[in-house]
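Quick look at structure37.pdb (PDB, C-alpha atoms):
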ATOM      1  CA  MET A 721       0.000   0.000   0.000
ATOM      2  CA  ALA A 722       1.058   3.582  -0.579
ATOM      3  CA  ILE A 723       2.356   5.434   2.461
ATOM      4  CA  SER A 724       1.541   9.147   2.558
ATOM      5  CA  ILE A 725       4.088  11.773   3.494
ATOM      6  CA  ASP A 726       1.730  12.916   6.253
ATOM      7  CA  ASP A 727       1.824   9.445   7.826
ATOM      8  CA  ILE A 728       5.602   9.414   7.609
ATOM      9  CA  LYS A 729       5.837  12.827   9.279
ATOM     10  CA  LYS A 730       3.381  11.767  11.973
ATOM     11  CA  LEU A 731       5.314   8.603  12.914
ATOM     12  CA  ARG A 732       8.619  10.447  12.723
ATOM     13  CA  ALA A 733       7.293  13.036  15.175
ATOM     14  CA  MET A 734       6.124  10.231  17.464
ATOM     15  CA  THR A 735       9.392   8.273  17.421
ATOM     16  CA  GLY A 736      12.167  10.622  16.314
ATOM     17  CA  ALA A 737      13.351   7.992  13.830
ATOM     18  CA  GLY A 738      14.816   8.914  10.453
ATOM     19  CA  LEU A 739      12.537   9.380   7.434
ATOM     20  CA  ALA A 740      13.836   6.314   5.612
ATOM     21  CA  ASP A 741      13.441   4.118   8.703
ATOM     22  CA  VAL A 742       9.919   5.413   9.318
ATOM     23  CA  LYS A 743       8.858   4.856   5.718
ATOM     24  CA  LYS A 744      10.274   1.328   5.728
ATOM     25  CA  ALA A 745       8.545   0.451   9.007
ATOM     26  CA  LEU A 746       5.190   1.828   7.834
ATOM     27  CA  THR A 747       5.467  -0.034   4.545
ATOM     28  CA  GLU A 748       6.250  -3.331   6.292
ATOM     29  CA  ALA A 749       3.407  -2.701   8.758
ATOM     30  CA  GLU A 750       1.022  -1.823   5.917
ATOM     31  CA  GLY A 751       0.246   1.535   7.484
ATOM     32  CA  ASP A 752      -0.399   0.190  11.002
ATOM     33  CA  PHE A 753       1.170   2.794  13.306
ATOM     34  CA  ASP A 754       1.394   0.555  16.371
ATOM     35  CA  LYS A 755       3.014  -2.238  14.386
ATOM     36  CA  ALA A 756       5.423   0.242  12.742
ATOM     37  CA  LYS A 757       6.414   1.591  16.162
ATOM     38  CA  GLU A 758       7.090  -1.950  17.351
ATOM     39  CA  LEU A 759       9.252  -2.634  14.283
ATOM     40  CA  LEU A 760      11.276   0.492  15.015
ATOM     41  CA  ARG A 761      11.635  -0.579  18.660
ATOM     42  CA  GLU A 762      12.830  -4.062  17.647
ATOM     43  CA  ARG A 763      15.403  -2.573  15.292
ATOM     44  CA  GLY A 764      16.599  -0.358  18.106
ATOM     45  CA  LEU A 765      17.027  -3.408  20.324
ATOM     46  CA  ALA A 766      18.970  -5.194  17.604
ATOM     47  CA  ILE A 767      21.332  -2.277  17.098
ATOM     48  CA  ALA A 768      21.805  -1.873  20.847
ATOM     49  CA  ALA A 769      22.634  -5.575  21.171
ATOM     50  CA  LYS A 770      25.176  -5.429  18.354
ATOM     51  CA  ARG A 771      26.977  -2.526  20.008
ATOM     52  CA  SER A 772      26.733  -3.769  23.595
ATOM     53  CA  ASP A 773      30.516  -4.144  23.838
ATOM     54  CA  ARG A 774      31.216  -0.575  22.711
ATOM     55  CA  GLU A 775      32.552   2.052  25.111
ATOM     56  CA  THR A 776      30.243   4.942  26.013
ATOM     57  CA  SER A 777      32.759   7.656  26.812
ATOM     58  CA  ASN A 778      30.594  10.617  25.791
ATOM     59  CA  GLY A 779      27.136  11.719  26.782
ATOM     60  CA  CYS A 780      25.023  14.316  28.529
ATOM     61  CA  VAL A 781      24.855  15.133  32.256
ATOM     62  CA  LEU A 782      22.029  17.345  33.458
ATOM     63  CA  VAL A 783      20.969  18.569  36.894
ATOM     64  CA  LYS A 784      17.701  20.047  38.114
ATOM     65  CA  LYS A 785      16.071  21.189  41.347
ATOM     66  CA  GLU A 786      12.350  21.394  41.950
ATOM     67  CA  GLY A 787      11.147  22.363  45.386
ATOM     68  CA  ASN A 788      13.117  20.390  47.967
ATOM     69  CA  PHE A 789      14.264  17.672  45.571
ATOM     70  CA  ALA A 790      17.279  17.830  43.271
ATOM     71  CA  ALA A 791      18.762  15.220  40.968
ATOM     72  CA  MET A 792      21.328  14.765  38.242
ATOM     73  CA  ILE A 793      21.483  12.079  35.600
ATOM     74  CA  ALA A 794      23.878  10.988  32.866
ATOM     75  CA  LEU A 795      22.864   9.463  29.549
ATOM     76  CA  LYS A 796      25.973   8.140  27.845
ATOM     77  CA  CYS A 797      26.750   7.422  24.200
ATOM     78  CA  GLU A 798      29.761   6.718  21.994
ATOM     79  CA  THR A 799      30.541  10.043  20.287
ATOM     80  CA  ASP A 800      30.370  13.738  21.102
ATOM     81  CA  PHE A 801      28.496  14.279  17.812
ATOM     82  CA  VAL A 802      25.509  12.356  19.168
ATOM     83  CA  ALA A 803      25.989  13.722  22.704
ATOM     84  CA  ASN A 804      25.680  17.297  21.463
ATOM     85  CA  GLY A 805      22.584  16.599  19.380
ATOM     86  CA  ALA A 806      19.405  18.435  20.363
ATOM     87  CA  ASP A 807      17.345  15.218  20.392
ATOM     88  CA  PHE A 808      19.812  13.441  22.677
ATOM     89  CA  ILE A 809      19.909  16.354  25.132
ATOM     90  CA  ALA A 810      16.114  16.607  25.017
ATOM     91  CA  LEU A 811      15.786  12.896  25.854
ATOM     92  CA  THR A 812      18.147  13.324  28.805
ATOM     93  CA  GLN A 813      16.105  16.300  30.002
ATOM     94  CA  ASN A 814      12.820  14.388  29.621
ATOM     95  CA  ILE A 815      14.214  11.527  31.691
ATOM     96  CA  LEU A 816      15.437  13.919  34.380
ATOM     97  CA  ASP A 817      12.067  15.713  34.438
ATOM     98  CA  ALA A 818      10.307  12.387  34.977
ATOM     99  CA  ALA A 819      12.748  11.430  37.719
ATOM    100  CA  ILE A 820      12.251  14.745  39.495
ATOM    101  CA  ALA A 821       8.470  14.507  39.212
ATOM    102  CA  ALA A 822       8.517  11.007  40.703
ATOM    103  CA  LYS A 823      11.253  11.868  43.220
ATOM    104  CA  ALA A 824      12.978   8.674  42.127
ATOM    105  CA  LYS A 825      15.648   7.510  44.546
ATOM    106  CA  SER A 826      17.646   5.139  42.323
ATOM    107  CA  LEU A 827      18.640   4.542  38.715
ATOM    108  CA  ASP A 828      16.587   1.344  38.638
ATOM    109  CA  GLU A 829      13.515   3.379  39.595
ATOM    110  CA  VAL A 830      14.273   5.891  36.847
ATOM    111  CA  LYS A 831      14.495   3.169  34.180
ATOM    112  CA  GLU A 832      10.982   2.003  35.055
ATOM    113  CA  LEU A 833       9.411   5.466  34.805
ATOM    114  CA  THR A 834       7.069   6.425  31.985
ATOM    115  CA  LEU A 835       7.800   9.557  29.980
ATOM    116  CA  ALA A 836       5.237  12.129  28.878
ATOM    117  CA  ASP A 837       4.846  10.386  25.494
ATOM    118  CA  GLY A 838       3.881   7.108  27.168
ATOM    119  CA  GLN A 839       7.210   5.337  26.638
ATOM    120  CA  LYS A 840       9.170   3.698  29.409
ATOM    121  CA  VAL A 841      12.526   5.367  30.002
ATOM    122  CA  GLN A 842      14.584   2.309  29.069
ATOM    123  CA  ASP A 843      12.541   1.810  25.874
ATOM    124  CA  ALA A 844      13.104   5.447  24.906
ATOM    125  CA  VAL A 845      16.870   5.049  25.374
ATOM    126  CA  THR A 846      16.871   1.860  23.300
ATOM    127  CA  GLN A 847      14.870   3.537  20.551
ATOM    128  CA  ARG A 848      17.250   6.488  20.440
ATOM    129  CA  SER A 849      20.127   4.008  20.207
ATOM    130  CA  GLY A 850      18.461   2.429  17.192
ATOM    131  CA  ILE A 851      18.017   5.816  15.544
ATOM    132  CA  THR A 852      21.610   6.945  16.017
ATOM    133  CA  GLY A 853      23.275   3.542  15.638
ATOM    134  CA  GLU A 854      25.256   4.095  18.853
ATOM    135  CA  LYS A 855      25.255   2.255  22.136
ATOM    136  CA  MET A 856      23.540   4.287  24.853
ATOM    137  CA  GLU A 857      23.129   3.715  28.568
ATOM    138  CA  LEU A 858      21.911   5.539  31.626
ATOM    139  CA  ASP A 859      24.779   5.842  34.057
ATOM    140  CA  GLY A 860      24.904   7.890  37.199
ATOM    141  CA  TYR A 861      21.803   9.100  39.002
ATOM    142  CA  LEU A 862      22.342  11.134  42.174
ATOM    143  CA  THR A 863      19.920  13.012  44.394
ATOM    144  CA  LEU A 864      19.714  15.456  47.288
ATOM    145  CA  GLU A 865      16.551  16.162  49.226
ATOM    146  CA  GLY A 866      15.735  19.000  51.595
ATOM    147  CA  GLU A 867      16.040  22.772  51.774
ATOM    148  CA  ASN A 868      18.827  25.087  50.592
ATOM    149  CA  ILE A 869      20.117  23.102  47.600
ATOM    150  CA  GLU A 870      22.057  24.774  44.803
ATOM    151  CA  VAL A 871      22.746  23.051  41.470
ATOM    152  CA  TYR A 872      25.483  23.769  38.943
ATOM    153  CA  ASN A 873      26.097  22.666  35.337
ATOM    154  CA  HIS A 874      29.773  23.438  34.704
ATOM    155  CA  MET A 875      30.102  25.929  31.844
ATOM    156  CA  ARG A 876      26.720  24.672  30.564
ATOM    157  CA  LYS A 877      28.563  21.952  28.668
ATOM    158  CA  ASN A 878      26.483  19.075  30.063
ATOM    159  CA  THR A 879      29.540  17.032  31.023
ATOM    160  CA  LEU A 880      29.949  17.888  34.725
ATOM    161  CA  CYS A 881      27.246  18.763  37.242
ATOM    162  CA  THR A 882      27.214  19.296  41.001
ATOM    163  CA  MET A 883      24.716  19.830  43.804
ATOM    164  CA  VAL A 884      25.420  21.413  47.191
ATOM    165  CA  GLN A 885      23.172  21.670  50.250
ATOM    166  CA  THR A 886      23.753  24.153  53.079
ATOM    167  CA  ASN A 887      22.211  24.264  56.536
ATOM    168  CA  LYS A 888      20.524  27.600  55.846
ATOM    169  CA  LEU A 889      19.536  29.704  52.860
ATOM    170  CA  ALA A 890      22.621  31.083  51.099
ATOM    171  CA  GLU A 891      22.148  30.972  47.336
ATOM    172  CA  GLU A 892      25.312  32.820  46.301
ATOM    173  CA  ALA A 893      27.552  30.999  48.754
ATOM    174  CA  GLY A 894      25.962  27.665  47.846
ATOM    175  CA  HIS A 895      26.555  28.344  44.165
ATOM    176  CA  LYS A 896      30.224  29.119  44.759
ATOM    177  CA  VAL A 897      30.693  25.952  46.789
ATOM    178  CA  ALA A 898      29.013  24.001  43.964
ATOM    179  CA  MET A 899      31.687  25.480  41.671
ATOM    180  CA  GLN A 900      34.329  24.399  44.202
ATOM    181  CA  VAL A 901      32.995  20.838  44.085
ATOM    182  CA  ALA A 902      33.218  20.886  40.293
ATOM    183  CA  ALA A 903      36.762  22.243  40.261
ATOM    184  CA  MET A 904      38.380  20.443  43.191
ATOM    185  CA  LYS A 905      36.688  16.994  43.061
ATOM    186  CA  PRO A 906      36.269  16.335  46.803
ATOM    187  CA  VAL A 907      35.832  12.706  47.819
ATOM    188  CA  ALA A 908      33.954  13.359  51.073
ATOM    189  CA  LEU A 909      32.347  16.212  52.990
ATOM    190  CA  ASP A 910      34.738  15.970  55.950
ATOM    191  CA  ALA A 911      37.179  13.560  57.603
ATOM    192  CA  PRO A 912      34.542  11.647  59.625
ATOM    193  CA  SER A 913      32.530  10.966  56.457
ATOM    194  CA  MET A 914      35.504   9.682  54.441
ATOM    195  CA  PRO A 915      34.879   5.965  53.764
ATOM    196  CA  GLN A 916      37.141   3.776  55.890
ATOM    197  CA  SER A 917      37.980   1.639  52.865
ATOM    198  CA  ILE A 918      39.501   4.687  51.157
ATOM    199  CA  LEU A 919      41.466   5.651  54.271
ATOM    200  CA  ASP A 920      42.785   2.098  54.629
ATOM    201  CA  GLU A 921      43.929   2.034  51.016
ATOM    202  CA  GLU A 922      45.538   5.480  51.284
ATOM    203  CA  TYR A 923      47.399   4.420  54.429
ATOM    204  CA  LYS A 924      48.583   1.206  52.755
ATOM    205  CA  VAL A 925      49.855   3.144  49.729
ATOM    206  CA  ALA A 926      51.459   5.754  52.003
ATOM    207  CA  VAL A 927      53.354   3.077  53.950
ATOM    208  CA  GLU A 928      54.708   1.478  50.774
ATOM    209  CA  LYS A 929      55.646   4.840  49.279
ATOM    210  CA  THR A 930      57.424   5.856  52.483
ATOM    211  CA  LYS A 931      59.410   2.625  52.564
ATOM    212  CA  GLU A 932      60.358   2.962  48.899
ATOM    213  CA  GLU A 933      61.507   6.557  49.402
ATOM    214  CA  GLN A 934      63.627   5.715  52.462
ATOM    215  CA  VAL A 935      65.285   2.768  50.700
ATOM    216  CA  SER A 936      65.856   4.815  47.537
ATOM    217  CA  LYS A 937      67.446   7.629  49.548
ATOM    218  CA  ALA A 938      69.833   5.199  51.257
ATOM    219  CA  VAL A 939      70.774   3.608  47.926
ATOM    220  CA  ASP A 940      71.407   6.996  46.286
ATOM    221  CA  ASN A 941      73.659   8.060  49.162
ATOM    222  CA  ALA A 942      75.636   4.818  48.955
ATOM    223  CA  LEU A 943      76.064   5.177  45.194
ATOM    224  CA  LYS A 944      77.270   8.763  45.529
ATOM    225  CA  LYS A 945      79.805   7.719  48.158
ATOM    226  CA  ALA A 946      81.073   5.143  45.663
ATOM    227  CA  GLY A 947      81.467   7.840  43.010
ATOM    228  CA  ILE A 948      78.523   6.665  40.887
ATOM    229  CA  ASN A 949      75.801   8.980  39.634
ATOM    230  CA  PRO A 950      72.474   7.399  40.759
ATOM    231  CA  ALA A 951      70.702   8.721  37.647
ATOM    232  CA  HIS A 952      73.039   6.660  35.442
ATOM    233  CA  VAL A 953      72.091   3.344  37.072
ATOM    234  CA  ASP A 954      68.441   3.733  38.043
ATOM    235  CA  SER A 955      67.299   1.064  35.564
ATOM    236  CA  GLU A 956      68.698  -1.722  33.416
ATOM    237  CA  ASP A 957      67.976   0.292  30.252
ATOM    238  CA  HIS A 958      69.850   3.324  31.610
ATOM    239  CA  MET A 959      72.799   1.173  32.579
ATOM    240  CA  GLU A 960      73.027  -0.272  29.065
ATOM    241  CA  SER A 961      72.554   3.038  27.263
ATOM    242  CA  ASN A 962      74.954   4.929  29.534
ATOM    243  CA  MET A 963      77.641   2.279  29.056
ATOM    244  CA  ALA A 964      77.169   2.604  25.291
ATOM    245  CA  LYS A 965      77.606   6.380  25.627
ATOM    246  CA  GLY A 966      80.764   5.905  27.667
ATOM    247  CA  TRP A 967      79.337   7.646  30.715
ATOM    248  CA  ILE A 968      79.898   4.621  32.985
ATOM    249  CA  THR A 969      81.980   1.470  32.749
ATOM    250  CA  ALA A 970      80.968  -2.153  33.051
ATOM    251  CA  GLU A 971      82.815  -2.220  36.367
ATOM    252  CA  ASP A 972      80.700   0.721  37.602
ATOM    253  CA  VAL A 973      77.528  -1.106  36.596
ATOM    254  CA  ALA A 974      78.565  -4.282  38.418
ATOM    255  CA  LYS A 975      79.499  -2.270  41.492
ATOM    256  CA  ALA A 976      76.231  -0.297  41.335
ATOM    257  CA  LYS A 977      74.145  -3.478  41.114
ATOM    258  CA  GLU A 978      75.884  -4.878  44.164
ATOM    259  CA  ILE A 979      75.335  -1.657  46.130
ATOM    260  CA  ILE A 980      71.681  -1.461  45.097
ATOM    261  CA  ALA A 981      70.967  -5.051  46.122
ATOM    262  CA  THR A 982      72.862  -4.921  49.399
ATOM    263  CA  VAL A 983      71.775  -1.483  50.618
ATOM    264  CA  SER A 984      68.140  -2.035  49.560
ATOM    265  CA  ALA A 985      67.905  -5.239  51.599
ATOM    266  CA  GLU A 986      69.691  -3.789  54.632
ATOM    267  CA  LYS A 987      67.676  -0.556  54.681
ATOM    268  CA  ALA A 988      64.349  -2.319  54.170
ATOM    269  CA  ALA A 989      65.105  -4.629  57.087
ATOM    270  CA  SER A 990      66.137  -1.833  59.437
ATOM    271  CA  LEU A 991      63.482   0.821  58.791
ATOM    272  CA  PRO A 992      62.029   2.074  62.110
ATOM    273  CA  ALA A 993      58.355   1.068  62.104
ATOM    274  CA  GLN A 994      57.305   4.157  64.104
ATOM    275  CA  MET A 995      59.021   6.501  61.659
ATOM    276  CA  VAL A 996      57.303   4.839  58.699
ATOM    277  CA  GLU A 997      53.949   5.020  60.477
ATOM    278  CA  ASN A 998      54.369   8.708  61.336
ATOM    279  CA  ILE A 999      55.276   9.657  57.771
ATOM    280  CA  ALA A1000      52.414   7.564  56.396
ATOM    281  CA  LYS A1001      49.947   9.208  58.777
ATOM    282  CA  GLY A1002      51.192  12.597  57.599
ATOM    283  CA  ARG A1003      50.514  11.600  54.005
ATOM    284  CA  VAL A1004      46.990  10.481  54.918
ATOM    285  CA  ALA A1005      46.391  13.797  56.719
ATOM    286  CA  LYS A1006      47.457  15.626  53.547
ATOM    287  CA  PHE A1007      45.111  13.428  51.510
ATOM    288  CA  LEU A1008      42.220  14.332  53.815
ATOM    289  CA  LYS A1009      42.951  18.055  53.580
ATOM    290  CA  GLU A1010      42.990  17.876  49.793
ATOM    291  CA  ASN A1011      39.940  15.619  49.413
ATOM    292  CA  CYS A1012      37.507  16.655  52.157
ATOM    293  CA  LEU A1013      35.341  19.502  50.868
ATOM    294  CA  VAL A1014      35.229  21.579  54.056
ATOM    295  CA  ASP A1015      39.026  21.376  54.491
ATOM    296  CA  GLN A1016      39.972  22.212  50.908
ATOM    297  CA  GLU A1017      41.403  25.638  50.124
ATOM    298  CA  PHE A1018      38.487  27.675  48.781
ATOM    299  CA  GLN A1019      39.089  28.623  45.152
ATOM    300  CA  PHE A1020      36.481  31.351  44.672
ATOM    301  CA  GLY A1021      37.129  33.774  47.517
ATOM    302  CA  ASP A1022      38.976  37.081  47.559
ATOM    303  CA  GLY A1023      42.491  35.720  47.379
ATOM    304  CA  ASP A1024      42.842  34.658  50.999
ATOM    305  CA  LYS A1025      43.927  31.121  51.958
ATOM    306  CA  ALA A1026      40.751  30.168  53.783
ATOM    307  CA  THR A1027      39.313  26.662  53.720
ATOM    308  CA  VAL A1028      35.783  26.138  52.465
ATOM    309  CA  ALA A1029      34.541  25.912  56.069
ATOM    310  CA  GLN A1030      36.381  29.107  57.038
ATOM    311  CA  TRP A1031      35.093  31.005  54.006
ATOM    312  CA  LEU A1032      31.507  29.976  54.750
ATOM    313  CA  ALA A1033      31.896  31.047  58.389
ATOM    314  CA  ALA A1034      33.150  34.429  57.204
ATOM    315  CA  GLN A1035      29.905  34.875  55.238
ATOM    316  CA  ASP A1036      27.770  33.729  58.169
ATOM    317  CA  LYS A1037      29.241  32.201  61.322
ATOM    318  CA  GLU A1038      26.500  29.543  61.352
ATOM    319  CA  LEU A1039      26.697  28.648  57.635
ATOM    320  CA  LYS A1040      27.858  25.122  56.791
ATOM    321  CA  VAL A1041      27.748  22.604  53.941
ATOM    322  CA  VAL A1042      25.761  19.526  54.891
ATOM    323  CA  ALA A1043      25.876  17.492  51.660
ATOM    324  CA  PHE A1044      27.103  17.499  48.053
ATOM    325  CA  GLN A1045      26.997  15.382  44.906
ATOM    326  CA  ARG A1046      29.169  15.424  41.798
ATOM    327  CA  PHE A1047      29.120  13.571  38.476
ATOM    328  CA  SER A1048      31.498  13.971  35.564
ATOM    329  CA  LEU A1049      31.750  12.179  32.226
ATOM    330  CA  VAL A1050      35.491  12.802  32.262
ATOM    331  CA  ALA A1051      37.627  10.481  34.370
ATOM    332  CA  ASP A1052      38.994  12.513  37.301
TER     333      ASP A1052
END

Now, as a test, write the supplied structure out as C-alpha cells.
Amino acid sequence: MAISIDDIKKLRAMTGAGLADVKKALTEAEGDFDKAKELLRERGLAIAAKRSDRETSNGCVLVKKEGNFAAMIALKCETDFVANGADFIALTQNILDAAIAAKAKSLDEVKELTLADGQKVQDAVTQRSGITGEKMELDGYLTLEGENIEVYNHMRKNTLCTMVQTNKLAEEAGHKVAMQVAAMKPVALDAPSMPQSILDEEYKVAVEKTKEEQVSKAVDNALKKAGINPAHVDSEDHMESNMAKGWITAEDVAKAKEIIATVSAEKAASLPAQMVENIAKGRVAKFLKENCLVDQEFQFGDGDKATVAQWLAAQDKELKVVAFQRFSLVAD
C-alpha cells in the first residue's frame, strides 16, 4: 500500500526515527502505526545488542532542582556528535524531568518510569540508540533532598554537574561551593565521612611509598659515596645506554648493582616502624585536607587562603555545607 508523506511525518514526530526508517517500518506494517512503532523498537534493540561491547565515553549530564528535591542524571553514548545533538539532550532532560516529578531515589527506579509520550525510560533510550546507531546507557543518578540546595552545570557543557546543600539559605555561597565541588573533586564532605575503605587504602599506599623513598634515599647516598651517579644506574635500560655512551663502565655497573641489592635489603630490614607510620599518617592527613570539601582551600574567595569551612563562616558564622553530589563524564 502507498504510504503518505503525512503518515511518515506523523510517525517520525512520534518516534524521532529517520525518514527512511519510518517509511520502511510503515510499509512493512502496511500503514499500522502501532506495528510500525514496534518494528522500530525491535530494530533499536537489535542495534543496541550489536553494540553492547562498545565504550560509552561521551554523553550528557544534566541537573535540576524542583522544590526540595534535586537530581542529576547521565545518559551516555559513543561520540560527542551524538551527545551534542538536540534530540539526545532533550531525551536526557525528559528523563530527568520524569525522575524529578517522581522523586525517584535510584537509577533502577528511573528506568521504570514512563515519559510524557507514554514510553518507558529504558525503551526510549533503546529507541534512540536504534536511531543513532550508537550504544547508549543511563549511568549515574544522584539526588539530594531537603532545603537550601544549589545546582550547577559546569560551563553549561552538560559534562559535569554538582549539587550542594547548606544548613541555611545562602544561594550565592551555595553556588560558589558548587563550583568548588566541580573544580576540586572532593571525595567526602569531611574527615569523619571519608569511607574507611579509602582511608585504609591510602594508608597502605602511604606506607609502601614511604618505605620505597627511604630505601631509595639510602641507595642513592651509597652510590654517591662510591662515586657513581644514581641517575646513570636507576634502571637496566639506563645502565646499558649509559655504558654505550661511555658515561659509565661495566665495572661501575657491576658495582652499582651490588650496592643497590645490598643497601636495599639492609635498609628495608632496618626501617624504624614508628618513623614509617608517622610519615604515612602525615601523608593520609594531607590526603584528607585535599579531598575533604570543608578542608579544601576555597578557590572562589577574595584571594585569601581560607578553607571552604572558614570562608563559609566568614559569610555567616552559622553557615555550613551539609551534603554534596558530583558527576562527571570525564575520568577525574

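Coordinates place CA of Cys881 (chain A) at a distance of 15.7 Å from CA of Asp817 (chain A).
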
Inset, instruction - Tell me which residues the PyMOL selection byres ((chain A and resi 985) around 12) grabs here, as a ChimeraX atom specification. - result: /A:931-932,934-936,938-939,978-984,986-991

Inset, instruction - Could you state which residues are captured by the PyMOL selection byres ((chain A and resi 831-836) around 10) in this file, as a list in words? - result: Leu811, Asn814, Ile815, Leu816, Asp817, Ala818, Ala819, Ala822, Ala824, Ser826, Leu827, Asp828, Glu829, Val830, Asp837, Gly838, Gln839, Lys840, Val841, Gln842, Asp843, Ala844, Val845 and Leu858 of chain A

Legend entry - Residues returned when the PyMOL selection byres ((chain A and resi 993-1010) around 8) runs on this file, as number ranges by chain: A: 906, 910-911, 919, 922-923, 926-927, 930-931, 991-992, 1011-1013, 1015-1017

Legend entry - Top pick for closest residue to Ala1026 (chain A), considering A:Lys1040, A:Asp726, A:Val973, A:Val1014 and counting all atoms listed in the file: A:Val1014

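Distances here use all atoms listed in the file; by that measure, the residue among A:Glu1038, A:Asp972, A:Asp800, A:Glu928 closest to Asn878 (chain A) is A:Asp800.
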
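Picture a line from CA of Ala893 (chain A) to CA of Trp1031 (chain A); it runs 9.2 Å.
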
Taking a cut-off of 10 Å and counting all atoms listed in the file, can you build a table that, for each residue of region 805-864 of chain A near region 746-763 of chain A, reports the nearest atom pair and how far apart they are in Å (one decimal), sorted by chain then residue number, as CSV?
residue,atom,partner,partner_atom,distance
A:Asp843,CA,A:Arg761,CA,7.7
A:Ala844,CA,A:Arg761,CA,8.8
A:Thr846,CA,A:Arg761,CA,7.4
A:Gln847,CA,A:Arg761,CA,5.6
A:Arg848,CA,A:Arg761,CA,9.2
A:Ser849,CA,A:Arg763,CA,9.5
A:Gly850,CA,A:Arg763,CA,6.2
A:Ile851,CA,A:Leu760,CA,8.6
A:Gly853,CA,A:Arg763,CA,10.0

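Taking CA of Ala791 (chain A) as the reference point, CA of Thr1027 (chain A) is found at 26.8 Å.
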
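Restricting the calculation to all atoms listed in the file, the smallest distance between Ala902 (chain A) and any of A:Leu1049, A:Leu795, A:Ile809, A:Val1042 is found for A:Leu1049.
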
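Using all atoms listed in the file, the shortest contact distance between Val1028 (chain A) and any of A:Met959, A:Val901, A:Ile728, A:Met883 is found at A:Val901.
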
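Closest approach to Leu880 (chain A) among A:Ile723, A:Leu943, A:Met856, A:Met792 is made by A:Met792 (distances from only C-alpha atoms).
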
Inset, instruction - Just the residues within 8 Å of His895 (chain A), please, counting all atoms listed in the file, with nothing from its chain fewer than 6 positions along; format it as a list in words. - result: Glu870, Val871, Tyr872 and Val884 of chain A

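Using all atoms listed in the file, the smallest distance between any of A:Asp807, A:Glu854, A:Asp859, A:Glu865 and Phe789 (chain A) comes from A:Glu865.
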
Inset, instruction - List every protein, DNA or RNA residue that has an atom no more than 7 Å from (29.5, 13.0, 47.3) in the file's coordinate frame, counting only C-alpha atoms, and report them as an MDAnalysis selection string. - result: chainID A and resid 907:908 1044:1046
